[in-house]
>>> print(open('my_file_28.cif').read())   # mmCIF, N, CA and C atoms and all ligand atoms
data_run
#
loop_
_atom_site.label_atom_id
_atom_site.label_comp_id
_atom_site.auth_asym_id
_atom_site.auth_seq_id
_atom_site.Cartn_x
_atom_site.Cartn_y
_atom_site.Cartn_z
N MET V 1 116.58 37.56 109.33
CA MET V 1 117.41 38.72 109.60
C MET V 1 116.92 39.93 108.81
N ASN V 2 116.98 41.06 109.42
CA ASN V 2 116.61 42.32 108.80
C ASN V 2 117.69 42.71 107.77
N ILE V 3 117.30 42.66 106.50
CA ILE V 3 118.27 42.89 105.42
C ILE V 3 118.87 44.29 105.48
N ALA V 4 118.03 45.26 105.72
CA ALA V 4 118.53 46.64 105.78
C ALA V 4 119.56 46.79 106.88
N ARG V 5 119.26 46.21 108.02
CA ARG V 5 120.22 46.30 109.12
C ARG V 5 121.50 45.55 108.77
N TYR V 6 121.35 44.41 108.11
CA TYR V 6 122.52 43.63 107.71
C TYR V 6 123.44 44.47 106.85
N TRP V 7 122.85 45.12 105.84
CA TRP V 7 123.69 45.91 104.94
C TRP V 7 124.30 47.09 105.65
N ARG V 8 123.54 47.65 106.59
CA ARG V 8 124.06 48.79 107.33
C ARG V 8 125.29 48.39 108.14
N THR V 9 125.20 47.28 108.85
CA THR V 9 126.34 46.86 109.65
C THR V 9 127.49 46.41 108.76
N GLU V 10 127.12 45.77 107.63
CA GLU V 10 128.14 45.34 106.68
C GLU V 10 128.92 46.54 106.17
N LYS V 11 128.22 47.62 105.91
CA LYS V 11 128.84 48.82 105.40
C LYS V 11 129.81 49.43 106.42
N ILE V 12 129.44 49.37 107.67
CA ILE V 12 130.32 49.90 108.70
C ILE V 12 131.58 49.05 108.81
N ARG V 13 131.40 47.75 108.65
CA ARG V 13 132.54 46.85 108.80
C ARG V 13 133.46 46.91 107.58
N LEU V 14 132.87 46.98 106.39
CA LEU V 14 133.68 46.91 105.17
C LEU V 14 134.04 48.27 104.62
N GLY V 15 133.22 49.25 104.92
CA GLY V 15 133.53 50.58 104.46
C GLY V 15 134.16 51.36 105.57
N LEU V 16 134.37 52.62 105.33
CA LEU V 16 134.99 53.44 106.34
C LEU V 16 133.94 54.44 106.78
N ILE V 17 133.07 53.97 107.68
CA ILE V 17 131.97 54.81 108.13
C ILE V 17 132.33 55.41 109.47
N GLY V 18 132.37 56.70 109.50
CA GLY V 18 132.62 57.41 110.74
C GLY V 18 131.47 58.35 111.02
N GLU V 19 131.77 59.44 111.67
CA GLU V 19 130.73 60.40 112.02
C GLU V 19 131.26 61.82 111.88
N THR V 20 130.34 62.74 111.75
CA THR V 20 130.73 64.14 111.90
C THR V 20 129.96 64.69 113.09
N CYS V 21 130.63 65.54 113.84
CA CYS V 21 130.05 66.11 115.05
C CYS V 21 129.04 67.21 114.70
N ARG V 22 127.87 67.14 115.36
CA ARG V 22 126.85 68.17 115.09
C ARG V 22 127.21 69.49 115.76
N THR V 23 128.11 69.45 116.73
CA THR V 23 128.46 70.68 117.43
C THR V 23 129.64 71.40 116.79
N CYS V 24 130.73 70.66 116.59
CA CYS V 24 131.92 71.33 116.06
C CYS V 24 132.18 70.99 114.60
N GLY V 25 131.46 70.01 114.06
CA GLY V 25 131.56 69.71 112.64
C GLY V 25 132.77 68.88 112.24
N LYS V 26 133.58 68.46 113.22
CA LYS V 26 134.78 67.71 112.88
C LYS V 26 134.46 66.25 112.56
N ALA V 27 135.31 65.64 111.75
CA ALA V 27 135.14 64.23 111.38
C ALA V 27 135.66 63.33 112.50
N ILE V 28 134.94 62.25 112.76
CA ILE V 28 135.27 61.34 113.86
C ILE V 28 135.38 59.92 113.32
N PHE V 29 136.47 59.26 113.65
CA PHE V 29 136.62 57.85 113.30
C PHE V 29 137.52 57.18 114.33
N PRO V 30 137.17 55.98 114.83
CA PRO V 30 135.91 55.30 114.59
C PRO V 30 134.75 55.98 115.31
N PRO V 31 133.49 55.59 114.98
CA PRO V 31 132.34 56.19 115.63
C PRO V 31 132.40 56.02 117.15
N ARG V 32 132.00 57.02 117.88
CA ARG V 32 131.99 56.93 119.34
C ARG V 32 130.85 57.78 119.89
N ASP V 33 130.58 57.61 121.17
CA ASP V 33 129.43 58.27 121.78
C ASP V 33 129.63 59.76 121.95
N VAL V 34 130.87 60.13 122.24
CA VAL V 34 131.15 61.53 122.54
C VAL V 34 132.25 62.03 121.61
N CYS V 35 132.06 63.21 121.09
CA CYS V 35 133.05 63.78 120.17
C CYS V 35 134.38 63.99 120.90
N PRO V 36 135.50 63.45 120.32
CA PRO V 36 136.81 63.61 120.97
C PRO V 36 137.34 65.03 120.86
N HIS V 37 136.73 65.84 120.00
CA HIS V 37 137.22 67.21 119.80
C HIS V 37 136.57 68.20 120.77
N CYS V 38 135.25 68.06 120.97
CA CYS V 38 134.56 69.05 121.80
C CYS V 38 133.77 68.39 122.93
N THR V 39 133.84 67.07 123.04
CA THR V 39 133.21 66.27 124.09
C THR V 39 131.69 66.38 124.09
N GLU V 40 131.09 66.85 123.01
CA GLU V 40 129.63 66.88 122.92
C GLU V 40 129.14 65.54 122.35
N ALA V 41 127.96 65.13 122.79
CA ALA V 41 127.35 63.93 122.22
C ALA V 41 126.56 64.34 120.98
N GLY V 42 126.27 63.39 120.13
CA GLY V 42 125.42 63.67 118.99
C GLY V 42 126.22 63.83 117.71
N GLN V 43 126.26 62.76 116.92
CA GLN V 43 127.00 62.82 115.67
C GLN V 43 126.14 62.28 114.54
N ASP V 44 126.47 62.71 113.34
CA ASP V 44 125.81 62.18 112.15
C ASP V 44 126.74 61.20 111.46
N VAL V 45 126.16 60.13 110.92
CA VAL V 45 126.96 59.14 110.19
C VAL V 45 127.60 59.80 108.98
N HIS V 46 128.86 59.51 108.80
CA HIS V 46 129.60 60.14 107.71
C HIS V 46 130.49 59.10 107.03
N PRO V 47 130.19 58.77 105.77
CA PRO V 47 131.07 57.83 105.06
C PRO V 47 132.32 58.53 104.58
N PHE V 48 133.46 58.07 105.05
CA PHE V 48 134.71 58.68 104.62
C PHE V 48 135.04 58.24 103.21
N ARG V 49 135.77 59.09 102.52
CA ARG V 49 136.14 58.77 101.14
C ARG V 49 137.12 57.60 101.09
N GLY V 50 137.82 57.39 102.19
CA GLY V 50 138.76 56.27 102.21
C GLY V 50 140.09 56.61 101.59
N THR V 51 140.36 57.90 101.45
CA THR V 51 141.66 58.29 100.91
C THR V 51 142.39 59.15 101.95
N GLY V 52 143.70 59.08 101.90
CA GLY V 52 144.50 59.84 102.84
C GLY V 52 145.96 59.65 102.51
N HIS V 53 146.80 59.80 103.53
CA HIS V 53 148.23 59.59 103.30
C HIS V 53 148.86 58.95 104.53
N VAL V 54 150.02 58.33 104.31
CA VAL V 54 150.73 57.68 105.40
C VAL V 54 151.28 58.74 106.35
N TYR V 55 150.88 58.63 107.61
CA TYR V 55 151.32 59.58 108.64
C TYR V 55 152.58 59.04 109.32
N SER V 56 152.54 57.74 109.62
CA SER V 56 153.74 57.04 110.07
C SER V 56 153.52 55.57 109.82
N PHE V 57 154.58 54.77 109.89
CA PHE V 57 154.41 53.36 109.60
C PHE V 57 155.45 52.52 110.33
N ALA V 58 155.16 51.23 110.40
CA ALA V 58 156.07 50.28 111.05
C ALA V 58 155.87 48.93 110.40
N THR V 59 156.83 48.05 110.59
CA THR V 59 156.69 46.70 110.07
C THR V 59 156.47 45.75 111.24
N VAL V 60 155.44 44.93 111.14
CA VAL V 60 155.13 43.97 112.19
C VAL V 60 155.80 42.64 111.84
N PHE V 61 156.76 42.25 112.66
CA PHE V 61 157.45 40.98 112.42
C PHE V 61 156.84 39.86 113.24
N ASP V 62 156.36 40.20 114.41
CA ASP V 62 155.82 39.21 115.33
C ASP V 62 154.30 39.29 115.28
N ALA V 63 153.72 38.66 114.25
CA ALA V 63 152.29 38.79 114.01
C ALA V 63 151.47 38.02 115.04
N PRO V 64 150.33 38.58 115.44
CA PRO V 64 149.44 37.86 116.35
C PRO V 64 148.85 36.63 115.65
N ALA V 65 148.36 35.68 116.44
CA ALA V 65 147.78 34.46 115.89
C ALA V 65 146.72 34.80 114.86
N GLY V 66 146.75 34.11 113.73
CA GLY V 66 145.78 34.37 112.69
C GLY V 66 146.31 35.31 111.63
N HIS V 67 147.41 35.98 111.95
CA HIS V 67 147.98 36.93 111.00
C HIS V 67 149.34 36.46 110.49
N THR V 68 149.81 35.31 110.98
CA THR V 68 151.17 34.88 110.68
C THR V 68 151.39 34.62 109.19
N GLU V 69 150.31 34.32 108.48
CA GLU V 69 150.39 34.07 107.04
C GLU V 69 151.00 35.26 106.31
N TYR V 70 150.79 36.45 106.86
CA TYR V 70 151.22 37.67 106.18
C TYR V 70 152.47 38.27 106.81
N SER V 71 153.01 37.66 107.83
CA SER V 71 154.11 38.24 108.56
C SER V 71 155.42 38.12 107.79
N PRO V 72 156.34 39.10 107.78
CA PRO V 72 156.09 40.43 108.36
C PRO V 72 155.26 41.28 107.43
N TYR V 73 154.52 42.21 108.00
CA TYR V 73 153.69 43.07 107.16
C TYR V 73 153.73 44.51 107.66
N PRO V 74 153.52 45.45 106.75
CA PRO V 74 153.56 46.84 107.14
C PRO V 74 152.23 47.34 107.70
N VAL V 75 152.32 48.10 108.77
CA VAL V 75 151.15 48.72 109.36
C VAL V 75 151.40 50.22 109.36
N ALA V 76 150.39 50.97 109.00
CA ALA V 76 150.56 52.42 108.93
C ALA V 76 149.50 53.12 109.75
N LEU V 77 149.89 54.29 110.20
CA LEU V 77 148.93 55.23 110.74
C LEU V 77 148.59 56.13 109.56
N VAL V 78 147.34 56.02 109.10
CA VAL V 78 146.91 56.76 107.91
C VAL V 78 146.10 57.97 108.34
N GLN V 79 146.48 59.13 107.86
CA GLN V 79 145.66 60.31 108.10
C GLN V 79 144.70 60.47 106.94
N LEU V 80 143.40 60.33 107.25
CA LEU V 80 142.37 60.48 106.23
C LEU V 80 142.29 61.92 105.76
N ASP V 81 141.81 62.10 104.54
CA ASP V 81 141.66 63.46 104.02
C ASP V 81 140.76 64.30 104.91
N GLU V 82 139.82 63.63 105.58
CA GLU V 82 138.90 64.34 106.46
C GLU V 82 139.52 64.65 107.82
N GLY V 83 140.69 64.08 108.12
CA GLY V 83 141.37 64.44 109.35
C GLY V 83 141.74 63.31 110.31
N PRO V 84 140.80 62.39 110.61
CA PRO V 84 141.10 61.36 111.60
C PRO V 84 142.27 60.45 111.20
N LEU V 85 142.93 59.90 112.20
CA LEU V 85 144.01 58.95 112.00
C LEU V 85 143.47 57.54 112.19
N VAL V 86 143.84 56.65 111.29
CA VAL V 86 143.37 55.27 111.33
C VAL V 86 144.58 54.35 111.26
N THR V 87 144.63 53.34 112.12
CA THR V 87 145.69 52.35 112.02
C THR V 87 145.21 51.22 111.14
N ALA V 88 145.98 50.87 110.13
CA ALA V 88 145.56 49.80 109.23
C ALA V 88 146.78 49.16 108.59
N GLN V 89 146.59 47.93 108.14
CA GLN V 89 147.62 47.23 107.42
C GLN V 89 147.73 47.81 106.01
N LEU V 90 148.96 47.89 105.50
CA LEU V 90 149.15 48.31 104.11
C LEU V 90 149.22 47.08 103.23
N THR V 91 148.72 47.20 102.02
CA THR V 91 148.72 46.06 101.11
C THR V 91 149.08 46.53 99.70
N ASP V 92 149.45 45.59 98.85
CA ASP V 92 149.81 45.90 97.45
C ASP V 92 150.92 46.95 97.37
N VAL V 93 151.90 46.82 98.24
CA VAL V 93 152.98 47.80 98.23
C VAL V 93 154.30 47.11 98.60
N ASP V 94 155.38 47.52 97.93
CA ASP V 94 156.71 47.05 98.31
C ASP V 94 157.16 47.88 99.49
N LYS V 95 157.79 47.23 100.46
CA LYS V 95 158.09 47.98 101.67
C LYS V 95 159.08 49.11 101.40
N GLU V 96 159.87 48.97 100.32
CA GLU V 96 160.80 50.05 99.97
C GLU V 96 160.03 51.30 99.51
N ASP V 97 158.80 51.10 99.06
CA ASP V 97 158.04 52.23 98.53
C ASP V 97 157.23 52.97 99.59
N ILE V 98 157.17 52.40 100.79
CA ILE V 98 156.40 53.05 101.84
C ILE V 98 157.18 54.24 102.39
N ARG V 99 156.51 55.37 102.42
CA ARG V 99 157.15 56.57 102.98
C ARG V 99 156.07 57.44 103.61
N ILE V 100 156.49 58.29 104.50
CA ILE V 100 155.56 59.22 105.10
C ILE V 100 155.06 60.17 104.02
N GLY V 101 153.76 60.36 103.97
CA GLY V 101 153.17 61.24 102.97
C GLY V 101 152.65 60.51 101.74
N LEU V 102 152.93 59.19 101.66
CA LEU V 102 152.46 58.39 100.52
C LEU V 102 150.94 58.42 100.45
N PRO V 103 150.35 58.83 99.31
CA PRO V 103 148.89 58.82 99.18
C PRO V 103 148.38 57.39 99.14
N VAL V 104 147.35 57.12 99.94
CA VAL V 104 146.80 55.76 100.03
C VAL V 104 145.27 55.82 99.94
N GLU V 105 144.70 54.67 99.59
CA GLU V 105 143.25 54.56 99.53
C GLU V 105 142.83 53.26 100.19
N MET V 106 141.62 53.23 100.68
CA MET V 106 141.12 52.05 101.38
C MET V 106 140.69 50.97 100.41
N VAL V 107 141.00 49.74 100.74
CA VAL V 107 140.48 48.59 100.01
C VAL V 107 139.96 47.58 101.03
N THR V 108 139.01 46.79 100.61
CA THR V 108 138.49 45.74 101.49
C THR V 108 139.25 44.46 101.20
N ARG V 109 139.84 43.89 102.20
CA ARG V 109 140.67 42.71 102.03
C ARG V 109 140.44 41.70 103.13
N LYS V 110 140.85 40.47 102.83
CA LYS V 110 140.82 39.43 103.86
C LYS V 110 141.83 39.81 104.94
N LEU V 111 141.36 39.93 106.16
CA LEU V 111 142.26 40.30 107.26
C LEU V 111 142.89 39.08 107.89
N LYS V 112 142.07 38.06 108.15
CA LYS V 112 142.65 36.85 108.72
C LYS V 112 141.72 35.67 108.50
N GLU V 113 142.29 34.50 108.63
CA GLU V 113 141.53 33.29 108.45
C GLU V 113 141.61 32.50 109.75
N ASP V 114 140.46 32.12 110.27
CA ASP V 114 140.43 31.34 111.49
C ASP V 114 140.78 29.90 111.16
N GLY V 115 141.90 29.45 111.69
CA GLY V 115 142.42 28.13 111.33
C GLY V 115 141.45 26.99 111.54
N ASP V 116 140.72 26.99 112.62
CA ASP V 116 139.84 25.87 112.95
C ASP V 116 138.52 25.91 112.18
N SER V 117 137.89 27.05 112.17
CA SER V 117 136.56 27.11 111.55
C SER V 117 136.65 27.46 110.07
N GLY V 118 137.80 27.96 109.63
CA GLY V 118 137.92 28.38 108.25
C GLY V 118 137.22 29.70 108.00
N MET V 119 136.77 30.34 109.06
CA MET V 119 136.08 31.61 108.92
C MET V 119 137.06 32.68 108.47
N ILE V 120 136.66 33.43 107.47
CA ILE V 120 137.52 34.48 106.96
C ILE V 120 136.98 35.83 107.42
N VAL V 121 137.86 36.62 107.97
CA VAL V 121 137.47 37.93 108.47
C VAL V 121 137.95 38.99 107.50
N TYR V 122 137.02 39.81 107.06
CA TYR V 122 137.37 40.89 106.15
C TYR V 122 137.38 42.22 106.88
N GLY V 123 138.10 43.12 106.34
CA GLY V 123 138.13 44.45 106.90
C GLY V 123 138.88 45.34 105.95
N TYR V 124 139.21 46.53 106.41
CA TYR V 124 139.87 47.44 105.49
C TYR V 124 141.38 47.43 105.65
N LYS V 125 142.04 47.65 104.53
CA LYS V 125 143.48 47.89 104.49
C LYS V 125 143.65 49.11 103.60
N PHE V 126 144.88 49.57 103.52
CA PHE V 126 145.14 50.70 102.62
C PHE V 126 146.23 50.30 101.63
N ARG V 127 146.14 50.83 100.43
CA ARG V 127 147.15 50.60 99.40
C ARG V 127 147.47 51.94 98.75
N PRO V 128 148.63 52.00 98.09
CA PRO V 128 148.97 53.26 97.41
C PRO V 128 147.92 53.60 96.38
N VAL V 129 147.61 54.88 96.24
CA VAL V 129 146.67 55.32 95.23
C VAL V 129 147.28 55.08 93.85
N VAL V 130 146.54 54.39 93.01
CA VAL V 130 146.99 54.16 91.64
C VAL V 130 146.30 55.19 90.76
N SER V 131 147.09 56.07 90.18
CA SER V 131 146.52 57.26 89.54
C SER V 131 145.65 56.92 88.32
N ASP V 132 145.91 55.78 87.68
CA ASP V 132 145.12 55.50 86.47
C ASP V 132 143.94 54.57 86.71
N SER V 133 143.53 54.42 87.97
CA SER V 133 142.36 53.58 88.24
C SER V 133 141.39 54.30 89.18
N GLN V 134 141.16 55.55 88.88
CA GLN V 134 140.30 56.36 89.74
C GLN V 134 138.82 56.02 89.58
N ASN V 135 138.46 55.35 88.50
CA ASN V 135 137.04 55.13 88.22
C ASN V 135 136.57 53.72 88.57
N THR V 136 137.19 53.10 89.57
CA THR V 136 136.81 51.74 89.95
C THR V 136 135.63 51.74 90.90
N GLY V 137 135.31 52.92 91.41
CA GLY V 137 134.31 53.19 92.33
C GLY V 137 133.30 52.26 92.73
ZN ZN L 201 132.61 68.01 118.33
#
>>> encode(input="my_file_28.cif", output="structure tokens")
Amino acid sequence: MNIARYWRTEKIRLGLIGETCRTCGKAIFPPRDVCPHCTEAGQDVHPFRGTGHVYSFATVFDAPAGHTEYSPYPVALVQLDEGPLVTAQLTDVDKEDIRIGLPVEMVTRKLKEDGDSGMIVYGYKFRPVVSDSQNTG
């Protein structure tokens, strides 16, 4: 396997890699062929900082297969500092503390475990920004 390619795809899966449009300059997430803002093709890869705030949220009680271990769990529409909205599970938060406007940051977490194969799927979630741990980078 091509190591460079492996890390590149790994970064897209585990990090928050989007694009910026070469025509209008707006941030795009997830990556797509055509800019949703100006419909022009051609974007540059753009790693998002992974910080934003809760735009809206809901609690999922009826979890899909593979997610029942965490049910019920909070899901939020997170507005990234760069602009795009991302749907993601919230983690490390008491549901009483979730509110619109809550500052959040991306973390890489186990998303689900495949019961038969034991395969663990990782992806991003968001958690409240902890002000005294800014240098974990
Ligand atoms: Zn554009």
>>> atom_distance(input="my_file_28.cif", atom1="CA of Phe57 (chain V)", atom2="atom N of Cys21 (chain V)")
27.1 Å
>>> atom_distance(input="my_file_28.cif", atom1="atom N of Leu77 (chain V)", atom2="atom C of His53 (chain V)")
7.4 Å
>>> residues_near_ligand(input="my_file_28.cif", ligand="ligand ZN 201 (chain L)", cutoff="12 Å", atoms="only C-alpha atoms and all ligand atoms", output="NGL selection string")
:V and (19-28 or 32-44)
>>> write_last_selection(input="my_file_28.cif", atoms="N, CA and C atoms", output="compact mmCIF listing (two decimals), in the coordinates of the input")
# COMPACT_ATOMS: atom_id res chain seq x y z
N GLU V 19 131.77 59.44 111.67
CA GLU V 19 130.73 60.40 112.02
C GLU V 19 131.26 61.82 111.88
N THR V 20 130.34 62.74 111.75
CA THR V 20 130.73 64.14 111.90
C THR V 20 129.96 64.69 113.09
N CYS V 21 130.63 65.54 113.84
CA CYS V 21 130.05 66.11 115.05
C CYS V 21 129.04 67.21 114.70
N ARG V 22 127.87 67.14 115.36
CA ARG V 22 126.85 68.17 115.09
C ARG V 22 127.21 69.49 115.76
N THR V 23 128.11 69.45 116.73
CA THR V 23 128.46 70.68 117.43
C THR V 23 129.64 71.40 116.79
N CYS V 24 130.73 70.66 116.59
CA CYS V 24 131.92 71.33 116.06
C CYS V 24 132.18 70.99 114.60
N GLY V 25 131.46 70.01 114.06
CA GLY V 25 131.56 69.71 112.64
C GLY V 25 132.77 68.88 112.24
N LYS V 26 133.58 68.46 113.22
CA LYS V 26 134.78 67.71 112.88
C LYS V 26 134.46 66.25 112.56
N ALA V 27 135.31 65.64 111.75
CA ALA V 27 135.14 64.23 111.38
C ALA V 27 135.66 63.33 112.50
N ILE V 28 134.94 62.25 112.76
CA ILE V 28 135.27 61.34 113.86
C ILE V 28 135.38 59.92 113.32
N ARG V 32 132.00 57.02 117.88
CA ARG V 32 131.99 56.93 119.34
C ARG V 32 130.85 57.78 119.89
N ASP V 33 130.58 57.61 121.17
CA ASP V 33 129.43 58.27 121.78
C ASP V 33 129.63 59.76 121.95
N VAL V 34 130.87 60.13 122.24
CA VAL V 34 131.15 61.53 122.54
C VAL V 34 132.25 62.03 121.61
N CYS V 35 132.06 63.21 121.09
CA CYS V 35 133.05 63.78 120.17
C CYS V 35 134.38 63.99 120.90
N PRO V 36 135.50 63.45 120.32
CA PRO V 36 136.81 63.61 120.97
C PRO V 36 137.34 65.03 120.86
N HIS V 37 136.73 65.84 120.00
CA HIS V 37 137.22 67.21 119.80
C HIS V 37 136.57 68.20 120.77
N CYS V 38 135.25 68.06 120.97
CA CYS V 38 134.56 69.05 121.80
C CYS V 38 133.77 68.39 122.93
N THR V 39 133.84 67.07 123.04
CA THR V 39 133.21 66.27 124.09
C THR V 39 131.69 66.38 124.09
N GLU V 40 131.09 66.85 123.01
CA GLU V 40 129.63 66.88 122.92
C GLU V 40 129.14 65.54 122.35
N ALA V 41 127.96 65.13 122.79
CA ALA V 41 127.35 63.93 122.22
C ALA V 41 126.56 64.34 120.98
N GLY V 42 126.27 63.39 120.13
CA GLY V 42 125.42 63.67 118.99
C GLY V 42 126.22 63.83 117.71
N GLN V 43 126.26 62.76 116.92
CA GLN V 43 127.00 62.82 115.67
C GLN V 43 126.14 62.28 114.54
N ASP V 44 126.47 62.71 113.34
CA ASP V 44 125.81 62.18 112.15
C ASP V 44 126.74 61.20 111.46
>>> residues_around(input="my_file_28.cif", residues="Thr87 (chain V)", least_positions_apart="2", cutoff="7 Å", atoms="only C-alpha atoms", output="PyMOL selection string")
chain V and resi 76-78+85
>>> residues_around(input="my_file_28.cif", residues="Thr51 (chain V)", least_positions_apart="2", cutoff="8 Å", atoms="all atoms listed in the file", output="count of residues only")
12
>>> atom_distance(input="my_file_28.cif", atom1="CA of Lys125 (chain V)", atom2="CA of His46 (chain V)")
18.8 Å
>>> select_by_dssp(input="my_file_28.cif", residues="region 11-125 of chain V", states="alpha helix (DSSP H)", output="PDB file with N, CA and C atoms, in the coordinates of the input")
ATOM      1  N   LYS V  11     128.220  47.620 105.910  1.00  0.00           N
ATOM      2  CA  LYS V  11     128.840  48.820 105.400  1.00  0.00           C
ATOM      3  C   LYS V  11     129.810  49.430 106.420  1.00  0.00           C
ATOM      4  N   ILE V  12     129.440  49.370 107.670  1.00  0.00           N
ATOM      5  CA  ILE V  12     130.320  49.900 108.700  1.00  0.00           C
ATOM      6  C   ILE V  12     131.580  49.050 108.810  1.00  0.00           C
ATOM      7  N   ARG V  13     131.400  47.750 108.650  1.00  0.00           N
ATOM      8  CA  ARG V  13     132.540  46.850 108.800  1.00  0.00           C
ATOM      9  C   ARG V  13     133.460  46.910 107.580  1.00  0.00           C
ATOM     10  N   LEU V  14     132.870  46.980 106.390  1.00  0.00           N
ATOM     11  CA  LEU V  14     133.680  46.910 105.170  1.00  0.00           C
ATOM     12  C   LEU V  14     134.040  48.270 104.620  1.00  0.00           C
TER      13      LEU V  14
END
>>> closest_residue(input="my_file_28.cif", among="V:Gly123, V:Ile100, V:Val130, V:Arg109", to="Val54 (chain V)", atoms="all atoms listed in the file")
V:Ile100
>>> axis_aligned_box(input="my_file_28.cif", around="region 81-95 of chain V", padding_each_side="3 Å", output="JSON")
{"center_x": 149.0, "center_y": 55.1, "center_z": 104.8, "size_x": 26.2, "size_y": 25.1, "size_z": 20.8}
>>> closest_residue(input="my_file_28.cif", among="V:Gly18, V:Pro31, V:Pro72, V:Gly101", to="Pro128 (chain V)", atoms="only C-alpha atoms")
V:Gly101
